[in-house]
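**Q** Input file: query-v4.txt. Contents: compact mmCIF, C-alpha atoms and all ligand atoms.
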```
# COMPACT_ATOMS: atom_id res chain seq x y z
CA MET A 1 24.01 5.27 -4.01
CA GLY A 2 20.67 6.38 -2.51
CA PHE A 3 19.97 9.16 -0.05
CA ALA A 4 17.65 9.25 2.93
CA GLN A 5 16.46 11.45 5.75
CA LEU A 6 15.06 9.85 8.89
CA VAL A 7 12.75 12.50 10.32
CA ILE A 8 12.42 12.04 14.08
CA GLY A 9 11.55 14.09 17.15
CA PRO A 10 8.98 14.32 19.94
CA ALA A 11 5.25 13.93 19.25
CA GLY A 12 3.80 17.00 17.60
CA SER A 13 7.17 18.58 16.83
CA GLY A 14 6.14 19.08 13.21
CA LYS A 15 7.69 16.08 11.45
CA SER A 16 4.82 15.36 9.05
CA THR A 17 4.34 19.06 8.30
CA TYR A 18 8.06 19.36 7.58
CA CYS A 19 7.83 16.38 5.20
CA SER A 20 4.97 17.89 3.28
CA SER A 21 6.64 21.32 3.04
CA LEU A 22 9.80 19.64 1.86
CA TYR A 23 7.82 17.75 -0.76
CA GLN A 24 6.21 20.96 -2.04
CA HIS A 25 9.53 22.74 -2.08
CA CYS A 26 11.17 19.97 -4.11
CA GLU A 27 8.22 19.89 -6.44
CA THR A 28 8.72 23.59 -7.16
CA MET A 29 12.43 23.02 -7.63
CA ARG A 30 11.69 20.08 -9.95
CA ARG A 31 13.70 17.86 -7.70
CA SER A 32 12.71 14.27 -7.16
CA ILE A 33 11.84 13.22 -3.60
CA HIS A 34 9.76 10.40 -2.09
CA ILE A 35 8.12 10.62 1.32
CA ILE A 36 7.53 7.42 3.24
CA ASN A 37 5.14 7.03 6.14
CA LEU A 38 6.56 4.99 9.02
CA ASP A 39 3.86 6.02 11.49
CA PRO A 40 1.27 3.24 11.81
CA ALA A 41 -1.01 5.66 13.68
CA ALA A 42 -1.02 8.38 11.01
CA GLU A 43 -4.41 9.05 9.46
CA SER A 44 -4.12 11.75 6.86
CA PHE A 45 -1.31 13.12 4.77
CA ASP A 46 -0.53 16.35 3.00
CA TYR A 47 1.99 14.63 0.78
CA PRO A 48 1.77 11.74 -1.67
CA VAL A 49 2.79 8.67 0.32
CA ALA A 50 5.40 6.67 -1.57
CA MET A 51 5.52 3.75 0.87
CA ASP A 52 3.32 3.19 3.86
CA ILE A 53 3.89 1.07 6.94
CA ARG A 54 0.11 0.79 7.23
CA GLU A 55 0.18 -1.51 4.22
CA LEU A 56 2.32 -3.86 6.28
CA ILE A 57 0.43 -3.63 9.56
CA SER A 58 -2.56 -1.79 10.95
CA LEU A 59 -2.42 -0.21 14.40
CA ASP A 60 -6.17 -0.62 14.85
CA ASP A 61 -5.96 -4.36 14.21
CA VAL A 62 -3.04 -4.71 16.60
CA MET A 63 -4.83 -2.82 19.36
CA GLU A 64 -7.98 -4.80 18.89
CA GLU A 65 -6.51 -8.26 18.48
CA LEU A 66 -3.76 -8.00 21.05
CA ASP A 67 -5.66 -5.79 23.44
CA LEU A 68 -2.89 -3.20 23.49
CA GLY A 69 -3.15 0.54 24.06
CA PRO A 70 -1.96 3.04 21.41
CA ASN A 71 1.68 3.21 22.58
CA GLY A 72 2.13 -0.50 23.20
CA GLY A 73 0.40 -1.08 19.86
CA LEU A 74 2.80 1.24 18.12
CA ILE A 75 5.84 -0.49 19.57
CA TYR A 76 4.37 -3.81 18.43
CA CYS A 77 3.92 -2.43 14.88
CA MET A 78 7.48 -1.13 14.79
CA GLU A 79 8.84 -4.46 15.99
CA HIS A 80 6.82 -6.10 13.26
CA LEU A 81 8.47 -3.75 10.78
CA GLU A 82 11.84 -4.79 12.17
CA GLU A 83 11.03 -8.44 11.57
CA ASN A 84 10.01 -7.65 7.99
CA LEU A 85 12.99 -5.60 6.92
CA ASP A 86 14.26 -8.38 4.69
CA ASP A 87 11.00 -8.88 2.86
CA TRP A 88 8.61 -5.91 3.03
CA LEU A 89 11.15 -3.11 3.07
CA GLU A 90 13.41 -4.93 0.65
CA GLU A 91 10.57 -5.34 -1.83
CA GLU A 92 9.38 -1.75 -1.47
CA LEU A 93 12.88 -0.40 -1.97
CA GLU A 94 13.08 -2.22 -5.28
CA ASN A 95 10.79 0.46 -6.72
CA TYR A 96 13.46 3.07 -6.25
CA LEU A 97 16.48 3.81 -8.32
CA ASP A 98 20.05 4.16 -7.31
CA ASP A 99 20.15 7.88 -6.75
CA ASP A 100 16.66 8.35 -5.32
CA TYR A 101 16.07 10.59 -2.32
CA LEU A 102 13.80 9.14 0.37
CA VAL A 103 12.40 10.89 3.42
CA PHE A 104 11.02 8.75 6.26
CA ASP A 105 8.32 10.35 8.39
CA CYS A 106 8.66 8.55 11.75
CA PRO A 107 6.30 8.31 14.71
CA GLY A 108 6.92 10.61 17.68
CA GLN A 109 7.18 8.06 20.49
CA ILE A 110 10.42 8.69 22.30
CA GLU A 111 10.89 4.96 22.99
CA LEU A 112 11.83 4.53 19.34
CA PHE A 113 15.14 6.21 19.79
CA THR A 114 15.83 5.48 23.41
CA HIS A 115 15.64 1.75 24.06
CA VAL A 116 13.86 -0.02 21.19
CA PRO A 117 16.44 -0.94 18.53
CA VAL A 118 14.04 -0.90 15.58
CA LEU A 119 15.16 2.39 14.04
CA ARG A 120 18.76 1.45 14.47
CA ASN A 121 18.20 -1.84 12.61
CA PHE A 122 16.12 -0.04 10.02
CA VAL A 123 19.00 2.33 9.38
CA GLU A 124 21.53 -0.51 9.22
CA HIS A 125 19.36 -2.08 6.55
CA LEU A 126 19.28 1.14 4.52
CA LYS A 127 23.04 1.45 4.83
CA ARG A 128 23.49 -2.08 3.55
CA LYS A 129 21.33 -1.12 0.59
CA ASN A 130 23.83 1.62 -0.10
CA PHE A 131 21.87 4.58 1.25
CA ASN A 132 23.53 7.61 2.80
CA VAL A 133 21.26 8.34 5.75
CA CYS A 134 20.92 11.44 7.92
CA ALA A 135 18.89 11.74 11.12
CA VAL A 136 16.82 14.92 11.13
CA PHE A 137 15.66 15.67 14.65
CA LEU A 138 12.90 18.26 15.02
CA LEU A 139 12.31 20.18 18.22
CA ASP A 140 9.36 22.54 18.57
CA SER A 141 10.61 26.12 19.05
CA GLN A 142 8.17 26.44 21.95
CA PHE A 143 10.53 24.18 23.91
CA ILE A 144 12.95 27.03 24.29
CA THR A 145 10.51 29.11 26.28
CA ASP A 146 11.38 26.87 29.22
CA VAL A 147 14.98 25.85 29.80
CA SER A 148 14.12 22.54 31.47
CA LYS A 149 11.96 21.58 28.49
CA TYR A 150 14.80 22.59 26.23
CA ILE A 151 17.28 20.39 28.12
CA SER A 152 14.91 17.43 27.90
CA GLY A 153 14.64 18.04 24.15
CA CYS A 154 18.43 18.09 23.89
CA MET A 155 18.64 14.83 25.86
CA ALA A 156 16.17 13.18 23.50
CA SER A 157 18.25 14.38 20.57
CA LEU A 158 21.45 13.13 22.20
CA SER A 159 20.03 9.68 22.81
CA ALA A 160 18.96 9.48 19.17
CA MET A 161 22.45 10.54 18.15
CA VAL A 162 24.12 7.96 20.35
CA GLN A 163 21.74 5.20 19.33
CA LEU A 164 21.58 5.78 15.61
CA GLU A 165 25.20 6.81 15.00
CA LEU A 166 24.25 8.77 11.92
CA PRO A 167 25.07 12.22 10.62
CA HIS A 168 22.61 14.22 12.67
CA VAL A 169 20.90 17.56 12.09
CA ASN A 170 18.83 19.27 14.78
CA ILE A 171 16.10 21.57 13.60
CA LEU A 172 14.17 24.10 15.63
CA SER A 173 10.74 23.88 14.03
CA LYS A 174 7.75 26.27 14.03
CA MET A 175 9.89 29.40 13.92
CA ASP A 176 6.83 31.33 12.78
CA LEU A 177 5.61 31.09 16.39
CA VAL A 178 8.70 32.78 17.81
CA LYS A 179 7.86 36.46 18.33
CA ASN A 180 11.28 37.69 19.31
CA LYS A 181 14.07 36.15 17.26
CA LYS A 182 16.68 37.40 19.77
CA ASP A 183 15.21 35.05 22.39
CA ILE A 184 16.38 31.99 20.52
CA GLU A 185 19.97 32.88 19.82
CA ASP A 186 21.27 31.46 23.10
CA TYR A 187 19.58 28.19 22.29
CA LEU A 188 20.81 27.61 18.78
CA ASN A 189 24.35 27.02 20.06
CA PRO A 190 23.79 26.50 23.77
CA GLU A 191 26.49 27.40 26.26
CA ALA A 192 26.72 25.50 29.52
CA LYS A 193 26.98 28.49 31.82
CA VAL A 194 23.88 30.19 30.42
CA LEU A 195 21.88 26.96 30.74
CA VAL A 196 23.09 26.30 34.30
CA SER A 197 22.21 29.72 35.58
CA GLU A 198 18.75 29.54 34.07
CA LEU A 199 18.11 26.06 35.43
CA ASN A 200 19.32 27.07 38.87
CA GLN A 201 16.93 30.00 38.94
CA GLN A 202 14.02 27.66 38.36
CA MET A 203 14.91 24.87 40.75
CA PRO A 204 15.74 24.38 44.43
CA PRO A 205 19.49 24.50 45.29
CA GLN A 206 19.90 20.74 45.73
CA PHE A 207 19.66 20.42 41.94
CA ALA A 208 22.62 22.69 41.27
CA LYS A 209 25.10 19.86 40.74
CA LEU A 210 22.76 17.91 38.50
CA ASN A 211 22.00 21.03 36.48
CA LYS A 212 25.68 21.67 35.99
CA ALA A 213 26.29 18.09 34.86
CA LEU A 214 23.38 18.14 32.42
CA ALA A 215 24.28 21.50 30.95
CA GLU A 216 27.90 20.44 30.52
CA LEU A 217 26.80 17.28 28.80
CA VAL A 218 24.82 19.30 26.28
CA ASP A 219 27.75 21.66 25.91
CA ASP A 220 30.40 18.92 25.64
CA PHE A 221 28.65 17.18 22.86
CA SER A 222 28.61 20.55 21.13
CA MET A 223 26.83 18.64 18.40
CA VAL A 224 23.64 19.88 19.93
CA ASN A 225 23.07 22.93 17.91
CA PHE A 226 19.93 23.82 16.07
CA VAL A 227 19.11 25.13 12.64
CA PRO A 228 15.96 27.28 12.75
CA LEU A 229 13.22 26.41 10.27
CA ASP A 230 10.43 28.74 9.24
CA LEU A 231 8.16 26.90 6.81
CA ARG A 232 6.64 30.16 5.53
CA LYS A 233 9.97 30.95 3.87
CA GLN A 234 11.28 29.05 0.87
CA SER A 235 14.76 30.36 1.69
CA SER A 236 14.60 28.73 5.12
CA ILE A 237 13.46 25.38 3.71
CA GLN A 238 16.15 25.57 1.07
CA TYR A 239 18.80 26.33 3.67
CA VAL A 240 17.80 23.35 5.83
CA LEU A 241 17.69 21.07 2.79
CA SER A 242 21.13 22.17 1.59
CA TYR A 243 22.48 21.67 5.07
CA ILE A 244 21.18 18.10 5.18
CA ASP A 245 22.26 17.38 1.59
CA ASN A 246 25.71 18.40 2.61
CA CYS A 247 25.71 15.90 5.48
CA ILE A 248 24.82 13.03 3.17
CA GLN A 249 26.93 14.21 0.26
CA TYR A 250 23.94 14.59 -1.99
CA GLY A 251 24.57 16.47 -5.20
CA GLU A 252 28.32 16.65 -4.70
CA ASP A 253 28.75 16.34 -8.42
CA ALA A 254 25.96 18.74 -9.20
CA ASP A 255 26.15 22.44 -8.59
CA VAL A 256 24.10 22.80 -5.41
CA LYS A 257 23.87 26.30 -4.10
CA VAL A 258 24.21 26.86 -0.38
CA ARG A 259 23.71 30.32 0.92
CA ASP A 260 23.53 31.85 4.35
CA PHE A 261 20.17 31.95 6.00
CA ASP A 262 18.99 35.39 6.94
CA PRO A 263 15.90 35.14 9.14
CA GLU A 264 14.71 38.58 8.01
CA ASP A 265 14.85 37.90 4.33
CA ASP A 266 12.56 36.27 1.85
N1 LIG B 1 2.64 27.37 13.53
C1 LIG B 1 3.16 26.22 13.10
N2 LIG B 1 2.54 25.07 13.37
C2 LIG B 1 3.09 23.93 12.93
C3 LIG B 1 4.30 23.93 12.17
N3 LIG B 1 4.61 22.64 11.87
C4 LIG B 1 3.63 21.87 12.43
N4 LIG B 1 2.71 22.65 13.06
C5 LIG B 1 1.51 22.18 13.77
O1 LIG B 1 1.90 21.32 14.83
C6 LIG B 1 1.00 20.22 14.95
C7 LIG B 1 1.74 18.92 14.84
O2 LIG B 1 2.33 18.84 13.55
P1 LIG B 1 2.70 17.47 12.86
O3 LIG B 1 3.41 17.80 11.60
O4 LIG B 1 1.53 16.57 12.78
O5 LIG B 1 3.72 16.89 13.94
P2 LIG B 1 4.36 15.45 14.00
O6 LIG B 1 5.71 15.64 14.59
O7 LIG B 1 4.25 14.77 12.68
O8 LIG B 1 3.43 14.74 15.06
P3 LIG B 1 3.34 13.16 15.39
O9 LIG B 1 3.45 12.43 14.08
O10 LIG B 1 2.03 13.00 16.05
O11 LIG B 1 4.50 12.87 16.31
C8 LIG B 1 -0.05 20.40 13.87
O12 LIG B 1 -1.17 21.04 14.43
C9 LIG B 1 0.64 21.33 12.87
O13 LIG B 1 -0.27 22.12 12.16
C10 LIG B 1 4.93 25.18 11.88
O14 LIG B 1 5.99 25.28 11.23
N5 LIG B 1 4.31 26.29 12.37
MG MG B 2 3.47 12.87 12.10
```
Let me see the file written as structure tokens.
Ligand SMILES: Nc1nc2c(ncn2[C@@H]2O[C@H](COP(=O)(O)OP(=O)(O)OP(=O)(O)O)[C@@H](O)[C@H]2O)c(=O)[nH]1
Ligand SMILES: [Mg+2]
**A**
Amino acid sequence: MGFAQLVIGPAGSGKSTYCSSLYQHCETMRRSIHIINLDPAAESFDYPVAMDIRELISLDDVMEELDLGPNGGLIYCMEHLEENLDDWLEEELENYLDDDYLVFDCPGQIELFTHVPVLRNFVEHLKRKNFNVCAVFLLDSQFITDVSKYISGCMASLSAMVQLELPHVNILSKMDLVKNKKDIEDYLNPEAKVLVSELNQQMPPQFAKLNKALAELVDDFSMVNFVPLDLRKQSSIQYVLSYIDNCIQYGEDADVKVRDFDPEDD
């Protein structure tokens, strides 16, 4: 049985930074972890790259040879990955042992978890290889400064949830940028009526019904709640990691400590 995190979320939400902080944390804890780059457009890394999609296909080549722009090029690369699951991925995975822990750093294009099935097929492949996989969706904490941005972030997370059908953890990243911690409380476990009244304040009255429907959708799923992550604090990284481990039943036999996260402490 292997374990894997699929790190997704909008462009710039902090996925690669999260991966490198997680790597460092595990290094300190003497815990084995392998980070895999699935972003064909990535250029530099703060973590040792265990597997790299760029060894399979180069975005620059694709853009040049097929005359595609960066986003079309990326979709092409990901579809190429999909076609090579049975050879490239299969071969790469052979380097890993049964109980290895893999973290996939994905690209930020929203298309990947809305209508292109590549990640879904990727995950199916991992499952067949006996991996317990968790989707880790990062949303930049700055999204909560604007309720309509926040709702769009929740919708992106929901579509990933619905498409991937995996255990799913939402993380509010970049907590170091949040000045007033009280501001975020309403957004960690959002309530429909708070969201509706804020949306209504911002928008003309003809949107009231739509706002209500959207807010209720977020509320109904009630799976949309967020775990705050402050990368400056080891305790915060550890909390998030334990939370995810729990979702994928990692270390059930071992004595893994889970303790409550206190934003003030470190
Ligand atoms: N203050 C702060 N900045 C962060 C944090 N995490 C990431 N950033 C910054 O946010 C920007 C984007 O971070 P990345 O980790 O590259 O984000 P990404 O989600 O991998 O981006 P794409 O791969 O392009 O989708 C960079 O400038 C980071 O330095 C954080 O916890 N705090
Ligand atoms: Mg990245």
**Q** Take every atom of range 229-248 of chain A listed in the file, fit an axis-aligned box around them, add 8 Å per side, and give the centre and edge lengths in Å to one decimal as AutoDock Vina command-line options.
**A**
```
--center_x 16.2 --center_y 22.0 --center_z 5.6 --size_x 35.1 --size_y 33.9 --size_z 25.4
```
**Q** For ligand MG 2 (chain B), which residue among A:Asp39, A:Glu185, A:Glu198, A:Asp146 is the nearest when counting all atoms listed in the file?
**A** A:Asp39
**Q** Select, from A:Ser197, A:Gln206, A:Ser173, A:Ser159, the residue with the minimum atom-to-atom distance to Ile237 in chain A, counting only C-alpha atoms.
**A**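 Smallest separation from Ile237 in chain A among the options: A:Ser173.
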**Q** Counting only C-alpha atoms, which of A:Val133, A:Leu126, A:Val227, A:Met51 gets nearest to Tyr187 in chain A?
**A**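 Closest to Tyr187 in chain A, using only C-alpha atoms: A:Val227.
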**Q** Identify, counting only C-alpha atoms and all ligand atoms, the protein, DNA and RNA residues located within 12 Å of ligand MG 2 (chain B), and give them as a compact mmCIF listing (two decimals) with C-alpha atoms, in the coordinates of the input.
**A**
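Result went into out_36.txt, see below:
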```txt
# COMPACT_ATOMS: atom_id res chain seq x y z
CA VAL A 7 12.75 12.50 10.32
CA ILE A 8 12.42 12.04 14.08
CA GLY A 9 11.55 14.09 17.15
CA PRO A 10 8.98 14.32 19.94
CA ALA A 11 5.25 13.93 19.25
CA GLY A 12 3.80 17.00 17.60
CA SER A 13 7.17 18.58 16.83
CA GLY A 14 6.14 19.08 13.21
CA LYS A 15 7.69 16.08 11.45
CA SER A 16 4.82 15.36 9.05
CA THR A 17 4.34 19.06 8.30
CA TYR A 18 8.06 19.36 7.58
CA CYS A 19 7.83 16.38 5.20
CA SER A 20 4.97 17.89 3.28
CA ILE A 35 8.12 10.62 1.32
CA ILE A 36 7.53 7.42 3.24
CA ASN A 37 5.14 7.03 6.14
CA LEU A 38 6.56 4.99 9.02
CA ASP A 39 3.86 6.02 11.49
CA PRO A 40 1.27 3.24 11.81
CA ALA A 41 -1.01 5.66 13.68
CA ALA A 42 -1.02 8.38 11.01
CA GLU A 43 -4.41 9.05 9.46
CA SER A 44 -4.12 11.75 6.86
CA PHE A 45 -1.31 13.12 4.77
CA ASP A 46 -0.53 16.35 3.00
CA TYR A 47 1.99 14.63 0.78
CA PHE A 104 11.02 8.75 6.26
CA ASP A 105 8.32 10.35 8.39
CA CYS A 106 8.66 8.55 11.75
CA PRO A 107 6.30 8.31 14.71
CA GLY A 108 6.92 10.61 17.68
CA GLN A 109 7.18 8.06 20.49
CA LEU A 138 12.90 18.26 15.02
```
**Q** Between A:Cys154, A:Tyr250, A:Lys182, A:Lys193, which residue has the minimum interatomic distance to Phe226 in chain A, considering only C-alpha atoms?
**A**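 Checking each of A:Cys154, A:Tyr250, A:Lys182, A:Lys193 against Phe226 in chain A, counting only C-alpha atoms, the winner is A:Cys154.
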**Q** What lies within 8 Å of Ile151 in chain A using all atoms listed in the file, ignoring chain neighbours under 2 positions off, as a ChimeraX atom specification?
**A** /A:147-149,153-155,214-215,218
**Q** Can you work out the spacing between CA of Thr114 in chain A and CA of Glu83 in chain A in Å, to one decimal?
**A**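 Separation between CA of Thr114 in chain A and CA of Glu83 in chain A: 18.9 Å.
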**Q** One decimal, Å: what's the distance from CA of Pro48 in chain A over to CA of His34 in chain A, could you say?
**A**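 It comes out at 8.1 Å.
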**Q** From the list A:Glu216, A:Glu165, A:Asp183, A:Asp140, which residue is nearest ligand LIG 1 (chain B) when using all atoms listed in the file?
**A** A:Asp140
**Q** What is the distance between CA of Ala156 in chain A and CA of Asn189 in chain A, in Å to one decimal?
**A** 16.4 Å
**Q** Select, from A:Val224, A:Leu177, A:Ala192, A:Leu22, the residue with the minimum atom-to-atom distance to ligand LIG 1 (chain B), counting all atoms listed in the file.
**A**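 Using all atoms listed in the file, the shortest distance to ligand LIG 1 (chain B) belongs to A:Leu177.
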**Q** Which residues, written as a PDB file with C-alpha atoms, keeping the file's coordinate frame, have at least one atom at most 8 Å from Gln5 in chain A, with all atoms listed in the file counted and residues fewer than 4 positions away on the same chain left out?
**A**
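Heads up, here's the output in selection00.pdb:
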```
ATOM      1  CA  LEU A 102      13.800   9.140   0.370  1.00  0.00           C
ATOM      2  CA  VAL A 103      12.400  10.890   3.420  1.00  0.00           C
ATOM      3  CA  PHE A 104      11.020   8.750   6.260  1.00  0.00           C
ATOM      4  CA  VAL A 133      21.260   8.340   5.750  1.00  0.00           C
ATOM      5  CA  CYS A 134      20.920  11.440   7.920  1.00  0.00           C
ATOM      6  CA  ALA A 135      18.890  11.740  11.120  1.00  0.00           C
ATOM      7  CA  VAL A 136      16.820  14.920  11.130  1.00  0.00           C
TER       8      VAL A 136
END
```
